[in-house]
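What follows is one structure encoded as structure tokens, with my remarks underneath.
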Amino acid sequence: MSTFVYMTRCDGCGHCVDICPSDIMHIDENIRRAVNIEPNFCWECYSCVKACPNHAIDVRGYADFAPMGHSVRVRREEEKGTISWKIKFRNGTTKDFVSPITTKPWGKFIPKLAEGEKPNQGEINSQMLYTEPNGLNIDGKLPSVPKDTFKKGVYY
Amino acid sequence: MMSISPFSALAESISPSVIQGFVLAMLALIVIGTVVQMIHHKNVTYFFNNAKKAKLAAERELGVGEKTSVILKTVVHDIATTAELGAGKRRIAHVMGMYGTILFWVASVVLVFGYTGTGTAAPTVWPMIWHVGAIMTCVGGYWFWLFLRVDVLAEAHPWYRIIKADLFVLALLACATTGLAWSYFQSSGSTGLGYLFLVLFITSNLVLFGGVYWSKFAHMIYKPGAAIQKNLAEADGSRDNLPPLADAPKQFGLGIKREQPKHY
């Protein structure tokens with residue numbers, strides 16, 4: 001369903017704010033801890049869960065594949081290059097998995113954002129995400145496929 | 001200025017028992033604010049429920065010796081050096097502010113109760129500790145508030161945007177800053193400015209200690225508790241349902257260290 005934050009674990013470092021692709025992880029104004037401001041827009045990518053150095057973020061899974069009482073938690077160990085998962089079913093069964101981190105090294109394929117051009121306050125306040133709209137590669141309008149580029153044959 | 005206790009000079013114009021009463025009133029405000037916050041926010045209930053859950057999920061039971069060892073390690077590593085903030089500026093600023101505040105408060109209590117109105121001059125070391133503590137609080141606190149705050153670093157808000165979460169840090173900084181200014185002007189003979197900063201010092205203390213219920217003051221109590229619970233959960237295998245540390249095969253390769261969120 002969405003991410004949520006254990007307040008006793010969070011120290012308000014901002015890693016989740018930085019990494020959230022939906023820009024919905026923010027810092028609460030009353031207690032300066034992370035909070036998911038729009039749970040409906042969370043697609044459970046687990047980016048913030050993995051980025052959190054204090055394991056303060058957890059996810060409530062959709063009830064159709066993860067019945068109530070379950071737990072899916074993850075531990076990212078950068079120095080070992082591993083992502084470990086622990087799935088706990090509501091009947092008490094547990095499964096542990098270990099996978100490699102497949103992220104490409106920073107600065108090689110992923111741009112070093114810290115070295116990039118600083119956004120101005122207008123861009124920061126805008127609803128657009130980083131590199132939008134240019135990054136969407138749509139030239140200001142929705143993508144379309146011109147008919148003359150269609151292959152010959154039967155179309156449905 | 002550094003070697004003169006500002007409370008001794010103050011005791012010449014105000015009764016020492018009034019100053020001591022003020023300190024006791026501030027202590028009472030901390031206790032009342034924390035207890036009311038505990039009742040209203042149900043923090044302690046949460047901790048006990050969490051402890052019960054951890055006990056049920058524990059893979060092994062810890063002995064008294066093991067528990068003591070975990071708690072001691074937590075006190076030394078997590079609490080005394082705020083290890084959860086990782087290795088970075090934020091941790092240095094926090095440690096500086098934390099120890100500065102402790103020195104400032106301990107020296108205040110010693111100076112007020114030990115050397116105010118007793119006829120005994122305070123040894124130079126205590127006023128020195130009081131001033132050094134206040135300066136450390138200011139350095140750590142202003143560094144955090146102006147540059148390291150997550151609102152500024154990750155959220156890209158301007159440093160002058162004040163929110164409710166700033167109540168604690170700003171009140172603490174106001175205490176240390178106005179305390180230093182009061183001490184300076186009082187020792188340099190500027191009576192008017194001395195009184196002005198004394199009033200501001202008293203006001204900021206009232207805001208800091210009177211605002212415990214609304215501010216993050218109680219993190220000094222809850223954060224150590226949470227750190228102890230976390231480390232006990234790691235030791236007994238419950239780990240808050242987290243997977244165990246990975247025993248990585250060699251082919252997994254080197255890890256990828258991502259950038260810190262400091263893009264603005």
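Labeling convention for the structure tokens: chains A, B, ... as they appear, residues from 1 per chain, ligands from 1 in order of appearance.
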Checklist entry - segment 132-135 of chain A: which residues within 12 Å, counting only C-alpha atoms, same-chain residues fewer than 6 positions away excluded, as a ChimeraX atom specification? => result /A:119,123-124,126,141-142
For chain B, which residues have at least one atom within 9 Å of chain A, if we go by only C-alpha atoms? Write them as an mmCIF file with N, CA and C atoms, in the first residue's frame, please.
```cif
data_model
loop_
_atom_site.group_PDB
_atom_site.id
_atom_site.type_symbol
_atom_site.label_atom_id
_atom_site.label_comp_id
_atom_site.auth_asym_id
_atom_site.auth_seq_id
_atom_site.Cartn_x
_atom_site.Cartn_y
_atom_site.Cartn_z
ATOM 1 N N GLU B 84 24.171 6.843 15.397
ATOM 2 C CA GLU B 84 23.157 6.673 14.362
ATOM 3 C C GLU B 84 23.230 7.766 13.294
ATOM 4 N N LEU B 85 23.904 8.863 13.618
ATOM 5 C CA LEU B 85 24.009 9.929 12.619
ATOM 6 C C LEU B 85 25.126 9.665 11.614
ATOM 7 N N GLY B 86 25.831 8.539 11.780
ATOM 8 C CA GLY B 86 26.869 8.160 10.818
ATOM 9 C C GLY B 86 28.097 9.047 10.958
ATOM 10 N N ARG B 90 27.003 16.185 10.503
ATOM 11 C CA ARG B 90 25.831 16.241 11.364
ATOM 12 C C ARG B 90 26.135 15.636 12.740
ATOM 13 N N ARG B 149 20.632 21.203 8.670
ATOM 14 C CA ARG B 149 19.244 20.776 8.861
ATOM 15 C C ARG B 149 18.724 20.108 7.604
ATOM 16 N N VAL B 150 17.966 19.055 7.773
ATOM 17 C CA VAL B 150 17.449 18.328 6.620
ATOM 18 C C VAL B 150 16.535 19.222 5.773
ATOM 19 N N ASP B 151 15.864 20.165 6.406
ATOM 20 C CA ASP B 151 14.975 21.076 5.663
ATOM 21 C C ASP B 151 15.780 21.870 4.638
ATOM 22 N N LEU B 153 19.084 20.948 3.634
ATOM 23 C CA LEU B 153 19.899 20.065 2.798
ATOM 24 C C LEU B 153 19.080 19.245 1.799
ATOM 25 N N ALA B 154 18.069 18.554 2.290
ATOM 26 C CA ALA B 154 17.344 17.628 1.420
ATOM 27 C C ALA B 154 16.054 18.234 0.871
ATOM 28 N N GLU B 155 15.432 19.125 1.650
ATOM 29 C CA GLU B 155 14.154 19.693 1.210
ATOM 30 C C GLU B 155 14.332 21.011 0.467
ATOM 31 N N ALA B 156 15.546 21.559 0.521
ATOM 32 C CA ALA B 156 15.868 22.793 -0.195
ATOM 33 C C ALA B 156 15.064 23.995 0.268
ATOM 34 N N HIS B 157 14.707 23.998 1.550
ATOM 35 C CA HIS B 157 14.044 25.185 2.085
ATOM 36 C C HIS B 157 15.115 26.194 2.503
ATOM 37 N N ILE B 163 9.953 26.310 11.494
ATOM 38 C CA ILE B 163 8.795 25.435 11.685
ATOM 39 C C ILE B 163 8.720 25.011 13.146
ATOM 40 N N LYS B 164 7.660 24.297 13.482
ATOM 41 C CA LYS B 164 7.465 23.917 14.895
ATOM 42 C C LYS B 164 8.615 23.046 15.406
ATOM 43 N N ALA B 165 9.180 22.234 14.512
ATOM 44 C CA ALA B 165 10.278 21.354 14.925
ATOM 45 C C ALA B 165 11.514 22.141 15.357
ATOM 46 N N ASP B 166 11.561 23.433 15.032
ATOM 47 C CA ASP B 166 12.716 24.257 15.414
ATOM 48 C C ASP B 166 12.608 24.790 16.839
ATOM 49 N N TRP B 214 5.628 20.424 23.651
ATOM 50 C CA TRP B 214 5.448 20.710 22.223
ATOM 51 C C TRP B 214 6.730 20.526 21.409
ATOM 52 N N SER B 215 7.860 20.525 22.075
ATOM 53 C CA SER B 215 9.124 20.526 21.334
ATOM 54 C C SER B 215 9.748 19.132 21.285
ATOM 55 N N LYS B 216 10.960 19.086 20.716
ATOM 56 C CA LYS B 216 11.666 17.809 20.616
ATOM 57 C C LYS B 216 12.597 17.590 21.815
ATOM 58 N N TYR B 222 13.918 9.629 24.778
ATOM 59 C CA TYR B 222 13.406 8.548 23.927
ATOM 60 C C TYR B 222 14.472 7.953 23.003
ATOM 61 N N LYS B 223 15.358 8.782 22.503
ATOM 62 C CA LYS B 223 16.349 8.278 21.543
ATOM 63 C C LYS B 223 17.275 7.228 22.175
ATOM 64 N N GLY B 225 16.518 5.305 24.635
ATOM 65 C CA GLY B 225 15.639 4.141 24.838
ATOM 66 C C GLY B 225 15.479 3.351 23.554
ATOM 67 N N ALA B 226 15.262 4.058 22.458
ATOM 68 C CA ALA B 226 15.073 3.400 21.161
ATOM 69 C C ALA B 226 16.357 2.698 20.720
ATOM 70 N N ALA B 227 17.504 3.317 20.999
ATOM 71 C CA ALA B 227 18.785 2.718 20.604
ATOM 72 C C ALA B 227 19.027 1.423 21.382
ATOM 73 N N LYS B 230 16.701 -1.251 20.001
ATOM 74 C CA LYS B 230 17.166 -1.706 18.684
ATOM 75 C C LYS B 230 18.333 -2.699 18.833
ATOM 76 N N ASP B 240 13.471 -6.669 14.808
ATOM 77 C CA ASP B 240 12.333 -5.932 14.228
ATOM 78 C C ASP B 240 11.962 -6.499 12.863
ATOM 79 N N ASN B 241 12.052 -7.802 12.735
ATOM 80 C CA ASN B 241 11.732 -8.508 11.478
ATOM 81 C C ASN B 241 12.726 -8.243 10.348
ATOM 82 N N LEU B 242 13.818 -7.567 10.647
ATOM 83 C CA LEU B 242 14.819 -7.324 9.595
ATOM 84 C C LEU B 242 15.605 -8.598 9.312
ATOM 85 N N PRO B 243 16.101 -8.758 8.089
ATOM 86 C CA PRO B 243 16.931 -9.929 7.806
ATOM 87 C C PRO B 243 18.263 -9.841 8.542
ATOM 88 N N PRO B 244 18.920 -10.986 8.750
ATOM 89 C CA PRO B 244 20.230 -10.931 9.403
ATOM 90 C C PRO B 244 21.263 -10.309 8.487
ATOM 91 N N LEU B 245 22.412 -9.968 9.035
ATOM 92 C CA LEU B 245 23.498 -9.419 8.213
ATOM 93 C C LEU B 245 23.883 -10.446 7.157
ATOM 94 N N ALA B 246 24.153 -9.982 5.957
ATOM 95 C CA ALA B 246 24.402 -10.904 4.842
ATOM 96 C C ALA B 246 25.802 -11.497 4.922
ATOM 97 N N ASP B 247 25.842 -12.782 4.580
ATOM 98 C CA ASP B 247 27.139 -13.430 4.441
ATOM 99 C C ASP B 247 27.377 -13.475 2.932
ATOM 100 N N ALA B 248 28.013 -12.438 2.405
ATOM 101 C CA ALA B 248 28.003 -12.224 0.959
ATOM 102 C C ALA B 248 28.969 -13.132 0.207
ATOM 103 N N GLN B 251 31.263 -13.235 -5.488
ATOM 104 C CA GLN B 251 30.878 -12.726 -6.806
ATOM 105 C C GLN B 251 29.905 -11.552 -6.722
ATOM 106 N N PHE B 252 29.444 -11.247 -5.515
ATOM 107 C CA PHE B 252 28.531 -10.113 -5.389
ATOM 108 C C PHE B 252 29.248 -8.796 -5.637
ATOM 109 N N GLY B 253 30.555 -8.792 -5.489
ATOM 110 C CA GLY B 253 31.332 -7.604 -5.831
ATOM 111 C C GLY B 253 31.240 -6.501 -4.798
ATOM 112 N N LEU B 254 31.785 -5.347 -5.188
ATOM 113 C CA LEU B 254 31.836 -4.223 -4.268
ATOM 114 C C LEU B 254 30.488 -3.538 -4.174
ATOM 115 N N GLY B 255 30.247 -2.960 -3.058
ATOM 116 C CA GLY B 255 29.005 -2.233 -2.895
ATOM 117 C C GLY B 255 29.068 -0.892 -3.598
ATOM 118 N N ILE B 256 27.907 -0.312 -3.782
ATOM 119 C CA ILE B 256 27.838 0.989 -4.439
ATOM 120 C C ILE B 256 27.429 2.019 -3.399
ATOM 121 N N LYS B 257 28.326 2.924 -3.127
ATOM 122 C CA LYS B 257 28.026 3.967 -2.149
ATOM 123 C C LYS B 257 27.301 5.101 -2.850
ATOM 124 N N ARG B 258 26.059 5.325 -2.444
ATOM 125 C CA ARG B 258 25.306 6.375 -3.109
ATOM 126 C C ARG B 258 25.645 7.742 -2.517
ATOM 127 N N GLU B 259 25.244 8.747 -3.284
ATOM 128 C CA GLU B 259 25.526 10.114 -2.844
ATOM 129 C C GLU B 259 24.725 10.470 -1.607
ATOM 130 N N GLN B 260 25.266 11.339 -0.802
ATOM 131 C CA GLN B 260 24.518 11.882 0.323
ATOM 132 C C GLN B 260 23.533 12.912 -0.224
ATOM 133 N N PRO B 261 22.374 13.054 0.420
ATOM 134 C CA PRO B 261 21.396 14.017 -0.085
ATOM 135 C C PRO B 261 21.804 15.458 0.205
ATOM 136 N N LYS B 262 22.709 15.965 -0.590
ATOM 137 C CA LYS B 262 23.173 17.343 -0.394
ATOM 138 C C LYS B 262 23.212 18.040 -1.735
ATOM 139 N N HIS B 263 22.151 17.925 -2.471
ATOM 140 C CA HIS B 263 22.184 18.392 -3.851
ATOM 141 C C HIS B 263 21.882 19.865 -4.017
ATOM 142 N N TYR B 264 21.453 20.512 -2.947
ATOM 143 C CA TYR B 264 21.047 21.898 -3.125
ATOM 144 C C TYR B 264 22.071 22.848 -2.545
#
```
Item to check | Using only C-alpha atoms: which of A:Ser22, A:Asn36, A:Ser144, A:Thr131 has the shortest distance to Ile57 of chain A | outcome: A:Asn36
Checklist entry - Quick one: DSSP helix (DSSP H, G or I) residues in segment 113-257 of chain B, as a count of residues only? => result 98
Next on the checklist: Measuring between only C-alpha atoms, which one of B:Trp105, B:Tyr213, B:Phe185, B:Phe22 shows the shortest distance to Gly133 of chain B?
Outcome noted: B:Trp105
Checklist entry - Within 12 Å of Gly140 of chain B, counting only C-alpha atoms, which residues qualify if same-chain residues fewer than 3 places away don't, as number ranges by chain? => result B: 89-101, 133-137, 143-149, 169, 172-173, 176
Next on the checklist: One decimal, in Å: what's the spacing between atom CA of Leu206 of chain B and atom CA of Val106 of chain B?
Outcome noted: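 The value is 17.6 Å.
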Item to check | All residues 9 Å or closer to Ser183 of chain B, only C-alpha atoms, same chain fewer than 6 positions away omitted, as a count of residues only | outcome: 10
Checklist entry - Between B:Val112, B:Leu170, B:Cys175, B:Ile202, which one has atoms that come closest to Ser17 of chain B, using only C-alpha atoms? => result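 Ranking B:Val112, B:Leu170, B:Cys175, B:Ile202 by distance to Ser17 of chain B, first place goes to B:Val112.
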